[in-house]
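*Asks:* Sharing a structure, written as structure tokens. Questions coming.
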Amino acid sequence: MNHRGLKALRLEDSVTARALRILPAYSAYSKTYTLLQQSRRWSREELAAHQAQALSRLLDHAYENVPYYRRVFEERGLVPGDIQTPEDLVLLPFLTREDLQNNLPDLKARNYPETAFEYVTTGGSTGIPVGFYYEKGVSRAREWAFMKTQWDRVGYRFGDRCVVLRGYIVGSPEDGVYWKRALLGRWLLMSSHHMTEETMPAYIDRIRKFRPRFIQAYPSTAVILARYMREHGIEPFPTVKAVLCGSENLYPWQRDLLTETFRCRVFSWYGNSEQTVLAGECEESTRYHIFPEYGVVELIGRDGRPVEGPGAMGEVVTTSLINPICPLIRYRTMDVAVLGKAPCSCGRAYPLLERVEGRLQEFIVTKDRRFISMTAVNMHSDVFDNVAQFQFYQREEGEVLMRIVKKPGYVDRDTERILRELNRKFEGDVDVTIRFVETIPRTRRGKYQFLIQDLPLDQWGISV
């Protein structure tokens, strides 16, 4: 194994870094990355054939080695051969987060040694934290091959300097240093928990001196940096080629703000910790290109049936093709997306999502039970210039509480303008109450939630 090549694969995550030092992990990365360099040129028919073969192998494996799926097949009088194409997956039931929680021991593949299992949990942003398993080292290496393939599209190379703003807690107010170097000094991990009006000048000065080629960030964290720079007339970082956004939904108003402030491409991808779906933008489009090598993606409507045709909206249901140690088949992600129209001008024959609306919990319910996505609540407006932070909270249909952290210049007239603007956006179908607070807490992974939704939306279906 080439030592220089192996060092280039080290990631910021210490578990991943250790895993990539062993041959199986390096092999998983190399094999996957090589496949993706070939398959990106395949026709739609070739991609479909590859996906069907991978699905067939997965179903055979799940039937033979995973007790939960042996039960599912037998209860329905099915065998893997009854499912010939991804469209035939409708013969199998959905796997919900509750199913995953309640049946996790029986979702472990019996043909792997116990030492191969790495227990992982999601952040629980839907209110249901979920545990599952990766193949130790290998799953993360395989995932990195897909991520590197996406970032290739905007010119990312292993040697590039990258600022990372993704929920890390680094340093403390006592020492006044909120960042550290990683990846042989190429990545600058910056604490997103200490970004305040007082510390932002130091952050900006450090980024400028570091001269990064990319900024990798949660969208909500990148927005904090961008808003400060815009409000203080600070010039963009001349070396930054693109902002790489993931792990949160990227709203149009956030993309506009980041593009205007940093004057570079904002690249977004969509995926989940469960490793069931991965999709990203390309060089020429902001539509999400789904990796068919990664998983099978369905969009289902309120009747539980697949939706069809460009512009159709539905909940994302996924079947992972890359993590056989803990197979997730027809997994309900509780995310909502819109089908795109293929093909893309970039030449890839991947299926497309026009946009990702976010989780079901990121919809506000009107008085007449319509759903309004947070995507439609555009906060990139001078109406919100004196708002430092905001968060909506809903527990009754047609009513929301808006928590606001005020900037020093906030006046009563700002409240009137905000209420008038939101009434226009909600078309009078949502009553808004404003409450002023000192702070808005983040999730345990350092993310901001723009909406806390206490209504059981997953039981209602989607109506827009």
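Chain identifiers are assigned as A, B, and so on, following the order in which chains appear in the structure tokens; residues are numbered from 1 within each chain, and ligands are numbered from 1 in order of appearance.
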Excluding same-chain residues fewer than 3 positions from A:Arg70, what lies within 10 Å of it counting only C-alpha atoms, as a tab-separated table (two decimals) with N, CA and C atoms, in the first residue's frame?
*Replies:*
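Final output, selection.tsv:
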chain	number	residue	atom	x	y	z
A	59	LEU	N	-30.68	-8.14	-1.41
A	59	LEU	CA	-31.87	-8.87	-0.96
A	59	LEU	C	-31.54	-10.32	-0.64
A	60	ASP	N	-30.70	-10.95	-1.47
A	60	ASP	CA	-30.26	-12.31	-1.18
A	60	ASP	C	-29.53	-12.36	0.16
A	61	HIS	N	-28.64	-11.39	0.38
A	61	HIS	CA	-27.87	-11.31	1.62
A	61	HIS	C	-28.80	-11.10	2.82
A	62	ALA	N	-29.74	-10.17	2.70
A	62	ALA	CA	-30.64	-9.88	3.81
A	62	ALA	C	-31.51	-11.09	4.15
A	63	TYR	N	-31.96	-11.81	3.14
A	63	TYR	CA	-32.80	-12.99	3.36
A	63	TYR	C	-32.02	-14.09	4.08
A	64	GLU	N	-30.77	-14.27	3.69
A	64	GLU	CA	-29.97	-15.36	4.24
A	64	GLU	C	-29.36	-15.04	5.59
A	65	ASN	N	-29.04	-13.76	5.85
A	65	ASN	CA	-28.20	-13.44	7.00
A	65	ASN	C	-28.81	-12.47	8.02
A	66	VAL	N	-29.94	-11.85	7.69
A	66	VAL	CA	-30.50	-10.83	8.58
A	66	VAL	C	-31.87	-11.30	9.09
A	67	PRO	N	-31.98	-11.68	10.37
A	67	PRO	CA	-33.23	-12.26	10.88
A	67	PRO	C	-34.46	-11.39	10.64
A	73	PHE	N	-39.83	-11.34	4.73
A	73	PHE	CA	-40.09	-12.10	3.51
A	73	PHE	C	-41.08	-13.23	3.78
A	74	GLU	N	-40.86	-13.97	4.86
A	74	GLU	CA	-41.71	-15.12	5.13
A	74	GLU	C	-43.13	-14.71	5.48
A	75	GLU	N	-43.29	-13.62	6.21
A	75	GLU	CA	-44.63	-13.15	6.57
A	75	GLU	C	-45.44	-12.77	5.34
A	78	LEU	N	-42.84	-14.22	0.40
A	78	LEU	CA	-41.95	-13.78	-0.67
A	78	LEU	C	-40.57	-14.42	-0.53
A	79	VAL	N	-39.86	-14.45	-1.64
A	79	VAL	CA	-38.44	-14.76	-1.65
A	79	VAL	C	-37.76	-13.65	-2.44
A	80	PRO	N	-36.44	-13.46	-2.27
A	80	PRO	CA	-35.76	-12.36	-2.97
A	80	PRO	C	-36.00	-12.34	-4.47
A	106	ASP	N	-31.90	-7.67	15.48
A	106	ASP	CA	-32.22	-8.56	14.38
A	106	ASP	C	-31.90	-7.97	13.02
*Asks:* So which bits of stretch 287-358 of chain A end up strand (DSSP E) when you DSSP the backbone, as a ChimeraX atom specification?
*Replies:* /A:288-290,295-300,313-320,331-339,352-358
*Asks:* With only C-alpha atoms as the counted atoms, please give the residues lying no more than 12 Å from A:Arg153, apart from itself and same-chain residues fewer than 5 positions off, as number ranges by chain.
*Replies:* A: 37, 40, 146-148, 241-242, 244, 265, 267-269, 280-285, 289, 346, 348
*Asks:* Selection from above, C-alpha atoms, as an mmCIF file, in the first residue's frame, can you write it?
*Replies:*
data_model
loop_
_atom_site.group_PDB
_atom_site.id
_atom_site.type_symbol
_atom_site.label_atom_id
_atom_site.label_comp_id
_atom_site.auth_asym_id
_atom_site.auth_seq_id
_atom_site.Cartn_x
_atom_site.Cartn_y
_atom_site.Cartn_z
ATOM 1 C CA GLN A 37 -14.944 7.341 -11.960
ATOM 2 C CA ARG A 40 -20.274 8.689 -13.963
ATOM 3 C CA PHE A 146 -18.604 9.138 -2.672
ATOM 4 C CA MET A 147 -18.003 12.482 -0.946
ATOM 5 C CA LYS A 148 -14.670 12.962 -2.690
ATOM 6 C CA LYS A 241 -13.237 28.690 -4.578
ATOM 7 C CA ALA A 242 -16.453 27.197 -3.135
ATOM 8 C CA LEU A 244 -19.370 23.124 0.640
ATOM 9 C CA ARG A 265 -19.993 28.811 -5.848
ATOM 10 C CA PHE A 267 -22.189 23.594 -3.414
ATOM 11 C CA SER A 268 -24.726 21.497 -1.512
ATOM 12 C CA TRP A 269 -25.253 17.798 -1.009
ATOM 13 C CA GLY A 280 -25.196 16.350 -4.716
ATOM 14 C CA GLU A 281 -25.082 19.244 -7.112
ATOM 15 C CA CYS A 282 -22.845 19.314 -10.165
ATOM 16 C CA GLU A 283 -20.709 21.889 -11.985
ATOM 17 C CA GLU A 284 -23.660 23.232 -13.984
ATOM 18 C CA SER A 285 -26.759 22.796 -11.843
ATOM 19 C CA HIS A 289 -27.812 14.211 -8.622
ATOM 20 C CA CYS A 346 -23.471 18.044 -17.184
ATOM 21 C CA ARG A 348 -24.385 12.464 -16.045
#
*Asks:* To one decimal place in Å, what is the distance between atom CA of A:Lys31 and atom CA of A:Thr149?
*Replies:*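 Here the two named atoms are 12.6 Å from each other.
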*Asks:* Just list as number ranges by chain whatever in stretch 319-416 of chain A DSSP marks as alpha helix (DSSP H).
*Replies:* A: 412-416
*Asks:* If we count only C-alpha atoms, what is near A:Ala54 at a cut-off of 8 Å, once residues fewer than 4 positions away on the same chain are taken out, given as a PDB file with C-alpha atoms, in the first residue's frame?
*Replies:*
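Result written to selection15.pdb:
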ATOM      1  CA  HIS A  50     -25.794  -1.945 -12.047  1.00  0.00           C
ATOM      2  CA  LEU A  58     -28.506  -7.083  -1.099  1.00  0.00           C
ATOM      3  CA  GLU A 293     -24.652   3.152  -6.854  1.00  0.00           C
ATOM      4  CA  LEU A 321     -26.714  -0.544  -1.261  1.00  0.00           C
TER       5      LEU A 321
END
*Asks:* Mind giving me the straight-line distance from atom CA of A:Cys326 to atom CA of A:Leu107 in Å, one decimal?
*Replies:*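 Separating atom CA of A:Cys326 from atom CA of A:Leu107 is a distance of 5.6 Å.
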